[in-house]
$ cat model-v4.tsv   # TSV, C-alpha atoms
chain	number	residue	atom	x	y	z
A	1	MET	CA	-31.15	138.69	77.66
A	2	ASN	CA	-28.87	137.40	80.41
A	3	MET	CA	-25.96	135.00	79.89
A	4	ILE	CA	-26.33	131.41	81.01
A	5	TYR	CA	-24.04	130.44	83.87
A	6	LYS	CA	-22.28	127.12	83.40
A	7	GLN	CA	-22.83	126.31	87.09
A	8	THR	CA	-26.38	125.22	86.26
A	9	PRO	CA	-27.23	123.50	89.59
A	10	LEU	CA	-27.17	126.98	91.12
A	11	TYR	CA	-30.29	127.92	89.12
A	12	ARG	CA	-32.16	125.43	91.29
A	13	PHE	CA	-30.60	126.90	94.45
A	14	LEU	CA	-31.61	130.39	93.29
A	15	MET	CA	-35.16	129.13	92.74
A	16	PHE	CA	-35.28	127.79	96.32
A	17	CYS	CA	-33.83	131.06	97.66
A	18	ASN	CA	-36.36	133.13	95.69
A	19	GLU	CA	-39.20	131.13	97.24
A	20	THR	CA	-38.29	132.27	100.78
A	21	ASN	CA	-39.09	135.62	102.35
A	22	LEU	CA	-35.57	136.06	103.70
A	23	GLU	CA	-33.43	139.13	103.12
A	24	ARG	CA	-31.50	138.61	99.88
A	25	THR	CA	-27.94	138.32	101.21
A	26	ILE	CA	-25.72	135.52	99.95
A	27	LEU	CA	-22.17	134.27	100.51
A	28	ASP	CA	-20.19	132.16	98.00
A	29	CYS	CA	-17.26	130.19	99.44
A	30	GLY	CA	-14.83	129.61	96.58
A	31	ALA	CA	-16.23	132.53	94.61
A	32	GLY	CA	-13.42	133.28	92.16
A	33	GLY	CA	-12.76	132.42	88.53
A	34	GLU	CA	-14.40	133.23	85.23
A	35	THR	CA	-18.16	133.77	85.14
A	36	PRO	CA	-18.46	133.84	88.96
A	37	PRO	CA	-21.95	132.53	89.74
A	38	LEU	CA	-22.52	135.33	92.25
A	39	GLY	CA	-23.29	137.33	89.10
A	40	LEU	CA	-26.45	135.25	88.67
A	41	PHE	CA	-27.57	136.19	92.18
A	42	ALA	CA	-26.61	139.85	91.62
A	43	GLU	CA	-28.82	139.86	88.50
A	44	HIS	CA	-31.68	138.72	90.71
A	45	GLY	CA	-31.28	141.49	93.26
A	46	TYR	CA	-29.14	139.75	95.85
A	47	THR	CA	-26.46	141.53	97.86
A	48	THR	CA	-23.50	139.24	97.32
A	49	TYR	CA	-20.33	138.38	99.20
A	50	GLY	CA	-17.66	135.92	98.23
A	51	ILE	CA	-14.48	134.53	99.62
A	52	GLU	CA	-11.72	132.90	97.63
A	53	CYS	CA	-8.26	131.68	98.63
A	54	ASP	CA	-6.53	132.38	95.27
A	55	PRO	CA	-5.77	136.06	94.48
A	56	VAL	CA	-5.52	135.26	90.75
A	57	GLN	CA	-9.05	133.82	90.71
A	58	ILE	CA	-10.31	136.85	92.67
A	59	GLU	CA	-8.92	139.17	89.99
A	60	ILE	CA	-10.49	137.08	87.18
A	61	ALA	CA	-13.86	137.27	88.93
A	62	ASN	CA	-13.56	140.98	89.63
A	63	THR	CA	-12.67	141.71	85.99
A	64	TYR	CA	-15.90	139.95	84.99
A	65	ALA	CA	-17.84	141.89	87.64
A	66	ARG	CA	-16.49	145.24	86.40
A	67	GLU	CA	-17.45	144.40	82.81
A	68	LYS	CA	-20.98	143.56	83.90
A	69	GLY	CA	-21.25	146.47	86.33
A	70	TYR	CA	-21.76	144.22	89.36
A	71	THR	CA	-20.42	144.75	92.85
A	72	LEU	CA	-19.84	141.16	93.95
A	73	ASN	CA	-17.68	141.84	97.05
A	74	ILE	CA	-15.28	138.95	96.51
A	75	ASN	CA	-12.31	139.03	98.87
A	76	GLN	CA	-9.56	136.75	100.02
A	77	GLY	CA	-10.63	134.34	102.71
A	78	ASP	CA	-10.53	130.79	104.03
A	79	MET	CA	-13.75	128.81	104.31
A	80	ARG	CA	-12.25	126.75	107.13
A	81	LYS	CA	-12.35	129.92	109.23
A	82	LEU	CA	-14.79	132.47	107.91
A	83	ASP	CA	-14.28	136.09	108.90
A	84	PHE	CA	-18.01	136.73	109.39
A	85	ALA	CA	-20.20	136.80	112.50
A	86	ASP	CA	-22.69	134.04	113.27
A	87	HIS	CA	-25.99	134.35	111.36
A	88	SER	CA	-24.66	136.87	108.82
A	89	PHE	CA	-26.32	135.56	105.64
A	90	SER	CA	-29.69	134.23	104.52
A	91	PHE	CA	-28.00	132.02	101.92
A	92	VAL	CA	-24.57	130.40	101.74
A	93	TYR	CA	-23.12	128.12	99.10
A	94	SER	CA	-19.96	126.47	97.90
A	95	TYR	CA	-20.03	125.13	94.34
A	96	ASN	CA	-17.35	122.77	92.93
A	97	SER	CA	-14.91	124.02	95.52
A	98	ILE	CA	-15.16	122.53	99.00
A	99	PHE	CA	-13.78	119.11	98.02
A	100	HIS	CA	-10.32	120.56	97.28
A	101	MET	CA	-9.29	119.75	100.85
A	102	ARG	CA	-8.98	116.79	103.16
A	103	LYS	CA	-12.27	115.54	104.54
A	104	LYS	CA	-11.46	116.81	108.02
A	105	GLU	CA	-11.12	120.32	106.58
A	106	VAL	CA	-14.24	119.89	104.44
A	107	ASN	CA	-16.19	119.09	107.59
A	108	GLN	CA	-14.67	122.10	109.37
A	109	SER	CA	-15.71	124.29	106.42
A	110	ILE	CA	-19.29	122.98	106.35
A	111	GLN	CA	-19.56	123.82	110.06
A	112	GLU	CA	-18.38	127.34	109.24
A	113	LEU	CA	-20.91	127.72	106.40
A	114	LYS	CA	-23.64	126.68	108.83
A	115	ARG	CA	-22.39	129.04	111.52
A	116	VAL	CA	-22.61	132.17	109.36
A	117	LEU	CA	-26.06	131.15	108.05
A	118	LYS	CA	-29.16	132.72	109.60
A	119	PRO	CA	-31.71	130.40	111.23
A	120	GLY	CA	-34.10	129.38	108.45
A	121	GLY	CA	-31.43	130.15	105.86
A	122	LEU	CA	-30.50	127.87	102.96
A	123	LEU	CA	-27.19	126.19	102.21
A	124	PHE	CA	-25.99	124.64	98.94
A	125	ALA	CA	-22.85	122.51	98.79
A	126	ASN	CA	-21.68	119.84	96.41
A	127	PHE	CA	-19.11	117.09	96.70
A	128	LEU	CA	-17.18	114.84	94.34
A	129	THR	CA	-18.29	111.23	94.52
A	130	VAL	CA	-16.44	107.95	94.20
A	131	ASN	CA	-18.17	107.56	90.78
A	132	ASP	CA	-15.80	110.18	89.38
A	133	PHE	CA	-13.27	108.89	86.82
A	134	ARG	CA	-10.37	110.39	88.74
A	135	CYS	CA	-11.18	108.75	92.07
A	136	GLY	CA	-8.23	106.47	92.79
A	137	ASP	CA	-5.64	108.45	90.82
A	138	GLY	CA	-2.63	110.06	92.46
A	139	GLY	CA	-1.15	109.95	95.92
A	140	ASP	CA	-3.44	108.03	98.24
A	141	LEU	CA	-4.15	109.87	101.49
A	142	GLY	CA	-6.74	107.30	102.61
A	143	GLU	CA	-10.55	107.49	102.80
A	144	ASN	CA	-10.80	108.39	99.09
A	145	GLN	CA	-8.63	111.47	99.48
A	146	TYR	CA	-6.03	111.87	96.71
A	147	GLU	CA	-3.19	114.19	95.79
A	148	GLN	CA	-3.82	115.09	92.15
A	149	PHE	CA	-3.06	117.86	89.67
A	150	ASP	CA	-5.34	120.47	88.08
A	151	ASP	CA	-3.68	122.42	85.26
A	152	ASP	CA	-0.27	121.10	86.44
A	153	LEU	CA	-0.85	122.46	89.94
A	154	PRO	CA	-0.97	120.06	92.91
A	155	VAL	CA	-4.37	119.80	94.54
A	156	ILE	CA	-6.18	117.50	96.93
A	157	HIS	CA	-9.49	115.96	95.90
A	158	SER	CA	-11.75	114.26	98.44
A	159	TYR	CA	-14.32	111.82	97.03
A	160	TYR	CA	-17.47	110.77	98.89
A	161	SER	CA	-19.93	107.94	98.65
A	162	SER	CA	-23.36	109.36	97.85
A	163	ASP	CA	-24.66	109.31	101.45
A	164	GLU	CA	-21.36	110.04	103.20
A	165	PRO	CA	-21.87	113.84	103.46
A	166	ASP	CA	-25.33	113.38	105.08
A	167	VAL	CA	-23.84	113.36	108.59
A	168	MET	CA	-22.48	116.90	108.16
A	169	PHE	CA	-26.06	118.11	107.65
A	170	SER	CA	-27.78	116.03	110.32
A	171	ASP	CA	-28.84	119.21	112.18
A	172	MET	CA	-30.49	120.66	109.05
A	173	GLU	CA	-33.61	119.95	107.03
A	174	LEU	CA	-33.16	118.38	103.60
A	175	LEU	CA	-34.85	120.29	100.79
A	176	TYR	CA	-33.06	118.71	97.84
A	177	LYS	CA	-30.29	116.22	97.23
A	178	GLU	CA	-29.05	115.01	93.88
A	179	ASP	CA	-26.54	112.24	93.20
A	180	ARG	CA	-25.32	112.74	89.63
A	181	VAL	CA	-23.04	110.82	87.30
A	182	LEU	CA	-22.37	112.77	84.17
A	183	GLU	CA	-20.52	112.08	80.95
A	184	ARG	CA	-19.24	114.98	78.94
A	185	ILE	CA	-16.54	115.89	76.45
A	186	TYR	CA	-13.46	117.52	77.99
A	187	GLU	CA	-10.62	118.50	75.66
A	188	GLY	CA	-11.87	116.02	73.05
A	189	THR	CA	-12.23	113.08	75.42
A	190	GLN	CA	-15.37	111.71	77.04
A	191	ILE	CA	-15.04	111.80	80.81
A	192	ARG	CA	-17.27	110.62	83.65
A	193	GLN	CA	-17.75	112.86	86.67
A	194	GLY	CA	-19.63	112.24	89.88
A	195	PHE	CA	-21.17	114.82	92.20
A	196	VAL	CA	-23.69	114.91	94.98
A	197	ASP	CA	-25.45	118.25	95.58
A	198	TYR	CA	-27.30	119.29	98.75
A	199	ILE	CA	-29.77	122.08	99.44
A	200	MET	CA	-30.40	122.23	103.18
A	201	LYS	CA	-32.39	124.52	105.49
A	202	LYS	CA	-30.99	125.60	108.86
B	203	MET	CA	-34.73	140.20	86.21
B	204	ASN	CA	-36.10	137.04	84.63
B	205	MET	CA	-37.93	134.28	86.48
B	206	ILE	CA	-36.15	130.99	87.15
B	207	TYR	CA	-37.66	128.05	85.30
B	208	LYS	CA	-38.10	124.95	87.44
B	209	GLN	CA	-36.95	122.77	84.51
B	210	THR	CA	-33.33	123.58	85.43
B	211	PRO	CA	-31.61	120.96	83.22
B	212	LEU	CA	-32.80	123.02	80.24
B	213	TYR	CA	-30.44	125.84	81.27
B	214	ARG	CA	-27.60	123.51	80.36
B	215	PHE	CA	-29.26	122.65	77.04
B	216	LEU	CA	-29.72	126.37	76.33
B	217	MET	CA	-26.02	126.91	77.07
B	218	PHE	CA	-25.09	124.21	74.55
B	219	CYS	CA	-27.51	125.69	71.97
B	220	ASN	CA	-26.10	129.21	72.50
B	221	GLU	CA	-22.60	127.91	71.80
B	222	THR	CA	-23.52	126.83	68.24
B	223	ASN	CA	-23.86	129.10	65.23
B	224	LEU	CA	-27.15	127.52	64.16
B	225	GLU	CA	-30.31	129.48	63.44
B	226	ARG	CA	-32.22	129.86	66.71
B	227	THR	CA	-35.28	127.70	66.01
B	228	ILE	CA	-36.42	125.22	68.64
B	229	LEU	CA	-39.19	122.66	69.07
B	230	ASP	CA	-40.50	121.41	72.45
B	231	CYS	CA	-42.34	118.07	72.39
B	232	GLY	CA	-44.64	118.05	75.40
B	233	ALA	CA	-44.62	121.83	75.64
B	234	GLY	CA	-47.73	122.56	77.68
B	235	GLY	CA	-48.38	123.33	81.33
B	236	GLU	CA	-47.49	126.12	83.71
B	237	THR	CA	-44.21	127.97	83.17
B	238	PRO	CA	-43.59	126.35	79.76
B	239	PRO	CA	-39.81	126.21	79.35
B	240	LEU	CA	-40.05	127.50	75.79
B	241	GLY	CA	-40.37	130.85	77.55
B	242	LEU	CA	-36.72	130.54	78.60
B	243	PHE	CA	-35.70	130.08	74.97
B	244	ALA	CA	-37.99	132.93	73.84
B	245	GLU	CA	-36.25	135.20	76.37
B	246	HIS	CA	-32.97	134.30	74.70
B	247	GLY	CA	-34.10	135.21	71.19
B	248	TYR	CA	-35.21	131.80	69.94
B	249	THR	CA	-38.14	131.31	67.58
B	250	THR	CA	-40.09	128.63	69.40
B	251	TYR	CA	-42.54	125.90	68.45
B	252	GLY	CA	-44.19	123.40	70.73
B	253	ILE	CA	-46.48	120.45	70.44
B	254	GLU	CA	-48.63	119.05	73.22
B	255	CYS	CA	-51.30	116.34	73.24
B	256	ASP	CA	-53.48	117.83	76.02
B	257	PRO	CA	-55.60	120.89	75.06
B	258	VAL	CA	-55.91	121.89	78.74
B	259	GLN	CA	-52.13	122.06	79.11
B	260	ILE	CA	-51.87	124.03	75.86
B	261	GLU	CA	-54.28	126.63	77.25
B	262	ILE	CA	-52.33	126.86	80.54
B	263	ALA	CA	-49.11	127.43	78.61
B	264	ASN	CA	-50.68	129.98	76.28
B	265	THR	CA	-52.11	131.92	79.22
B	266	TYR	CA	-48.57	132.17	80.61
B	267	ALA	CA	-47.25	133.21	77.19
B	268	ARG	CA	-49.85	135.97	76.85
B	269	GLU	CA	-49.01	137.33	80.30
B	270	LYS	CA	-45.31	137.44	79.40
B	271	GLY	CA	-45.89	138.75	75.88
B	272	TYR	CA	-44.30	135.72	74.23
B	273	THR	CA	-45.40	134.01	71.04
B	274	LEU	CA	-44.51	130.40	71.81
B	275	ASN	CA	-46.45	128.70	68.97
B	276	ILE	CA	-47.67	125.75	71.03
B	277	ASN	CA	-50.22	123.64	69.19
B	278	GLN	CA	-51.82	120.24	69.52
B	279	GLY	CA	-49.67	117.44	68.18
B	280	ASP	CA	-48.34	113.95	68.70
B	281	MET	CA	-44.61	113.40	69.08
B	282	ARG	CA	-44.96	109.87	67.69
B	283	LYS	CA	-45.84	111.47	64.36
B	284	LEU	CA	-44.64	115.05	64.09
B	285	ASP	CA	-46.35	117.30	61.59
B	286	PHE	CA	-43.09	118.96	60.49
B	287	ALA	CA	-40.79	118.36	57.54
B	288	ASP	CA	-37.40	116.70	57.90
B	289	HIS	CA	-34.65	119.06	59.13
B	290	SER	CA	-37.06	121.77	60.30
B	291	PHE	CA	-35.35	122.83	63.56
B	292	SER	CA	-31.83	123.50	64.85
B	293	PHE	CA	-32.84	122.33	68.33
B	294	VAL	CA	-35.43	119.86	69.57
B	295	TYR	CA	-36.19	118.73	73.09
B	296	SER	CA	-38.62	116.81	75.23
B	297	TYR	CA	-38.40	117.42	78.97
B	298	ASN	CA	-40.15	115.18	81.56
B	299	SER	CA	-42.62	114.08	78.94
B	300	ILE	CA	-41.51	111.35	76.54
B	301	PHE	CA	-41.63	108.56	79.14
B	302	HIS	CA	-45.43	108.80	79.43
B	303	MET	CA	-45.75	106.10	76.78
B	304	ARG	CA	-44.71	102.52	76.17
B	305	LYS	CA	-41.07	102.08	75.24
B	306	LYS	CA	-41.95	101.18	71.65
B	307	GLU	CA	-43.69	104.55	71.30
B	308	VAL	CA	-40.87	106.35	73.10
B	309	ASN	CA	-38.46	104.95	70.52
B	310	GLN	CA	-40.80	105.98	67.69
B	311	SER	CA	-40.93	109.51	69.16
B	312	ILE	CA	-37.15	109.80	69.48
B	313	GLN	CA	-36.84	108.83	65.80
B	314	GLU	CA	-39.32	111.62	65.00
B	315	LEU	CA	-37.38	114.18	67.08
B	316	LYS	CA	-34.23	113.21	65.17
B	317	ARG	CA	-36.01	113.39	61.81
B	318	VAL	CA	-37.16	117.00	62.22
B	319	LEU	CA	-33.73	118.07	63.53
B	320	LYS	CA	-31.29	119.73	61.13
B	321	PRO	CA	-27.91	118.05	60.55
B	322	GLY	CA	-25.58	119.41	63.24
B	323	GLY	CA	-28.59	120.25	65.42
B	324	LEU	CA	-28.91	119.43	69.11
B	325	LEU	CA	-31.42	117.21	70.87
B	326	PHE	CA	-32.28	117.06	74.59
B	327	ALA	CA	-34.41	114.26	76.02
B	328	ASN	CA	-34.74	112.80	79.47
B	329	PHE	CA	-36.07	109.49	80.75
B	330	LEU	CA	-37.27	108.10	84.05
B	331	THR	CA	-34.90	105.52	85.48
B	332	VAL	CA	-35.43	102.35	87.47
B	333	ASN	CA	-34.03	104.27	90.48
B	334	ASP	CA	-37.31	106.15	90.72
B	335	PHE	CA	-39.42	105.39	93.81
B	336	ARG	CA	-42.48	104.63	91.68
B	337	CYS	CA	-40.79	102.06	89.45
B	338	GLY	CA	-42.62	98.80	90.18
B	339	ASP	CA	-45.93	100.36	91.23
B	340	GLY	CA	-49.14	99.79	89.30
B	341	GLY	CA	-50.15	97.54	86.46
B	342	ASP	CA	-47.09	95.75	85.12
B	343	LEU	CA	-46.79	95.97	81.32
B	344	GLY	CA	-43.35	94.32	81.31
B	345	GLU	CA	-39.89	95.78	80.68
B	346	ASN	CA	-40.34	98.34	83.50
B	347	GLN	CA	-43.44	99.84	81.92
B	348	TYR	CA	-46.26	100.50	84.41
B	349	GLU	CA	-49.82	101.76	84.39
B	350	GLN	CA	-49.93	104.41	87.11
B	351	PHE	CA	-51.90	107.50	88.09
B	352	ASP	CA	-50.89	111.19	88.02
B	353	ASP	CA	-53.44	113.45	89.76
B	354	ASP	CA	-55.98	110.58	89.65
B	355	LEU	CA	-55.62	110.25	85.89
B	356	PRO	CA	-54.33	106.99	84.38
B	357	VAL	CA	-50.91	107.28	82.76
B	358	ILE	CA	-48.16	104.97	81.56
B	359	HIS	CA	-44.65	105.44	82.89
B	360	SER	CA	-41.68	103.72	81.23
B	361	TYR	CA	-38.54	103.36	83.38
B	362	TYR	CA	-35.05	102.81	81.94
B	363	SER	CA	-31.77	101.54	83.24
B	364	SER	CA	-29.19	104.31	82.95
B	365	ASP	CA	-27.63	103.08	79.69
B	366	GLU	CA	-30.77	101.63	78.12
B	367	PRO	CA	-31.69	104.75	76.07
B	368	ASP	CA	-28.16	104.89	74.53
B	369	VAL	CA	-29.18	102.69	71.60
B	370	MET	CA	-31.79	105.22	70.45
B	371	PHE	CA	-28.98	107.76	69.99
B	372	SER	CA	-26.35	105.47	68.45
B	373	ASP	CA	-26.38	107.55	65.23
B	374	MET	CA	-25.68	110.78	67.13
B	375	GLU	CA	-22.73	112.31	68.95
B	376	LEU	CA	-22.89	112.47	72.74
B	377	LEU	CA	-22.30	115.94	74.16
B	378	TYR	CA	-23.66	115.40	77.66
B	379	LYS	CA	-25.37	112.66	79.62
B	380	GLU	CA	-26.40	112.80	83.26
B	381	ASP	CA	-27.76	109.97	85.38
B	382	ARG	CA	-29.41	111.59	88.42
B	383	VAL	CA	-31.04	110.31	91.57
B	384	LEU	CA	-32.68	113.09	93.48
B	385	GLU	CA	-34.44	113.35	96.80
B	386	ARG	CA	-36.89	116.16	97.32
B	387	ILE	CA	-39.96	117.06	99.34
B	388	TYR	CA	-43.25	116.52	97.51
B	389	GLU	CA	-46.46	117.36	99.38
B	390	GLY	CA	-44.66	117.04	102.72
B	391	THR	CA	-43.01	113.70	101.98
B	392	GLN	CA	-39.44	113.01	100.90
B	393	ILE	CA	-39.43	111.20	97.57
B	394	ARG	CA	-36.65	109.72	95.42
B	395	GLN	CA	-36.74	110.29	91.68
B	396	GLY	CA	-34.47	108.98	88.96
B	397	PHE	CA	-33.79	110.54	85.57
B	398	VAL	CA	-31.21	110.23	82.83
B	399	ASP	CA	-30.74	113.28	80.59
B	400	TYR	CA	-29.12	113.31	77.14
B	401	ILE	CA	-27.78	116.14	75.00
B	402	MET	CA	-26.90	114.74	71.57
B	403	LYS	CA	-25.67	116.24	68.29
B	404	LYS	CA	-27.05	115.03	64.95

$ encode --input "model-v4.tsv" --output "structure tokens"
Amino acid sequence: MNMIYKQTPLYRFLMFCNETNLERTILDCGAGGETPPLGLFAEHGYTTYGIECDPVQIEIANTYAREKGYTLNINQGDMRKLDFADHSFSFVYSYNSIFHMRKKEVNQSIQELKRVLKPGGLLFANFLTVNDFRCGDGGDLGENQYEQFDDDLPVIHSYYSSDEPDVMFSDMELLYKEDRVLERIYEGTQIRQGFVDYIMKK
Amino acid sequence: MNMIYKQTPLYRFLMFCNETNLERTILDCGAGGETPPLGLFAEHGYTTYGIECDPVQIEIANTYAREKGYTLNINQGDMRKLDFADHSFSFVYSYNSIFHMRKKEVNQSIQELKRVLKPGGLLFANFLTVNDFRCGDGGDLGENQYEQFDDDLPVIHSYYSSDEPDVMFSDMELLYKEDRVLERIYEGTQIRQGFVDYIMKK
């Protein structure tokens, strides 16, 4: 009986990956933190790699991996400039992570994710949307980019309209796209979040 | 290594169910067909029950269950009038099924799902929304209810605006709601589907 990963949209990505005949190698960009979803792919026989900018989040993820007996290969890295050769991985994803930058850097990162992906490989990425309750809060950097705080730490959040990211994937084939507005309870309060998820084929 | 169920929103429901201390008994209304998602709950130690109106779909589900060695307890039934006592189950759901009726019957069914749920139990249900590409096609029964065809068989589809189902759950506590518009490839063509999912506590 396996645990259920809270990053549930990645179950759909895993299903798409399983349906291909590609070698089972996968890269997570923004791979740190508790219950790292690379564990889900490791459970399903994937050779996993992850990069993460925050050493604390790397250690949290690696503690989890040790407890589970997984080798997740999560190391420090920057998704704006990936330290991997072209066409290194069959599958690449970034979940709830890539929007913590200015849009120019998000675009740069998506180009990097595509670069390290094999031809025919699959990419998952998701973006915050302007439907999110926090869009508009904090220091306004223009184009729905805001300086905000997560856990008292300063962070940038970039918010997209639901079709705005399409252009970054115009050289790929759409397999799945989902524009979601969700309401959930966070620390006793009902909040509204907005995301748009993409699964694309190179 | 378990298979991935295509009904991915139920992974989130399973996560919510796992976080309670309730007895692991679950009912699926509309439980038939290939890869019945009750199998996911069976894998996680739940005692499962399902009802399904179509004997063919029951047999398809039971064939799957036999192959996997699961006892899913799927029998013929009608979710408008459930043959179970009040407060029978900790968890009740209906996935991609309840909207195949007129809205009056959908409401009647939701009341039945709530009736057989234990106090403190969790309910998942999802509804087609007016964002769906098929909303408006077929014989118009009013209030976004249409006579359509699935696999050449006549069927009713009821479509909801994203907040319209709220009233059916006004006596429950919202844990999670997700309004989703998805684009995917179906038989070689890109289609747009709309759903709103609810996870509610009694």

$ atom_distance --input "model-v4.tsv" --atom1 "atom CA of A:Cys17" --atom2 "atom CA of A:Phe91"
7.3 Å

$ residues_around --input "model-v4.tsv" --residues "A:Gly50" --least-positions-apart "2" --cutoff "7 Å" --atoms "all atoms listed in the file" --output "list of chain:residue names"
A:Leu27, A:Asp28, A:Cys29, A:Ala31, A:Thr48, A:Glu52, A:Asn73, A:Ile74, A:Asn75

$ closest_atom_pairs --input "model-v4.tsv" --of "chain A" --to "chain B" --cutoff "7 Å" --atoms "all atoms listed in the file" --output "CSV"
residue,atom,partner,partner_atom,distance
A:Met1,CA,B:His246,CA,5.6
A:Ile4,CA,B:Met217,CA,6.0
A:Thr8,CA,B:Arg214,CA,6.3
A:Tyr11,CA,B:Thr210,CA,6.5
A:Arg12,CA,B:Thr210,CA,6.3
A:Met15,CA,B:Ile206,CA,6.0
A:Glu43,CA,B:Met203,CA,6.3
A:His44,CA,B:Met203,CA,5.6
A:Leu175,CA,B:Arg386,CA,5.8
A:Tyr176,CA,B:Arg386,CA,4.6
A:Lys177,CA,B:Glu385,CA,5.1
A:Glu178,CA,B:Leu384,CA,4.1
A:Asp179,CA,B:Val383,CA,5.2
A:Arg180,CA,B:Arg382,CA,4.4
A:Val181,CA,B:Asp381,CA,5.2
A:Leu182,CA,B:Glu380,CA,4.1
A:Glu183,CA,B:Lys379,CA,5.1
A:Arg184,CA,B:Tyr378,CA,4.6
A:Ile185,CA,B:Leu377,CA,6.2

$ residues_around --input "model-v4.tsv" --residues "A:Gln148" --least-positions-apart "2" --cutoff "10 Å" --atoms "all atoms listed in the file" --output "list in words"
His100, Arg134, Cys135, Gly136, Asp137, Gly138, Gly139, Asp140, Gln145, Tyr146, Asp150, Asp152, Leu153, Pro154, Val155, Ile156 and His157 of chain A

$ residues_around --input "model-v4.tsv" --residues "B:Phe301" --least-positions-apart "5" --cutoff "9 Å" --atoms "only C-alpha atoms" --output "list in words"
Val308, Asn328, Phe329, Leu330, Ile358, His359, Ser360 and Tyr361 of chain B

$ residues_around --input "model-v4.tsv" --residues "A:Met79" --least-positions-apart "5" --cutoff "9 Å" --atoms "all atoms listed in the file" --output "PyMOL selection string"
chain A and resi 29-30+51-53+98+106+108-110+112-113

$ atom_distance --input "model-v4.tsv" --atom1 "atom CA of B:Ile260" --atom2 "atom CA of B:Gly235"
6.5 Å

$ atom_distance --input "model-v4.tsv" --atom1 "atom CA of B:Ala267" --atom2 "atom CA of B:Pro238"
8.2 Å

$ residues_around --input "model-v4.tsv" --residues "B:Leu324" --least-positions-apart "6" --cutoff "7 Å" --atoms "all atoms listed in the file" --output "MDAnalysis selection string"
chainID B and resid 292:294 401:404

$ residues_near_point --input "model-v4.tsv" --point "(-21.5, 128.8, 110.6)" --cutoff "9 Å" --atoms "all atoms listed in the file" --output "PyMOL selection string"
chain A and resi 82+84-88+109-118

$ closest_residue --input "model-v4.tsv" --among "A:Asp83, A:Met101, A:Thr63, A:Gly121" --to "A:Glu23" --atoms "only C-alpha atoms"
A:Gly121
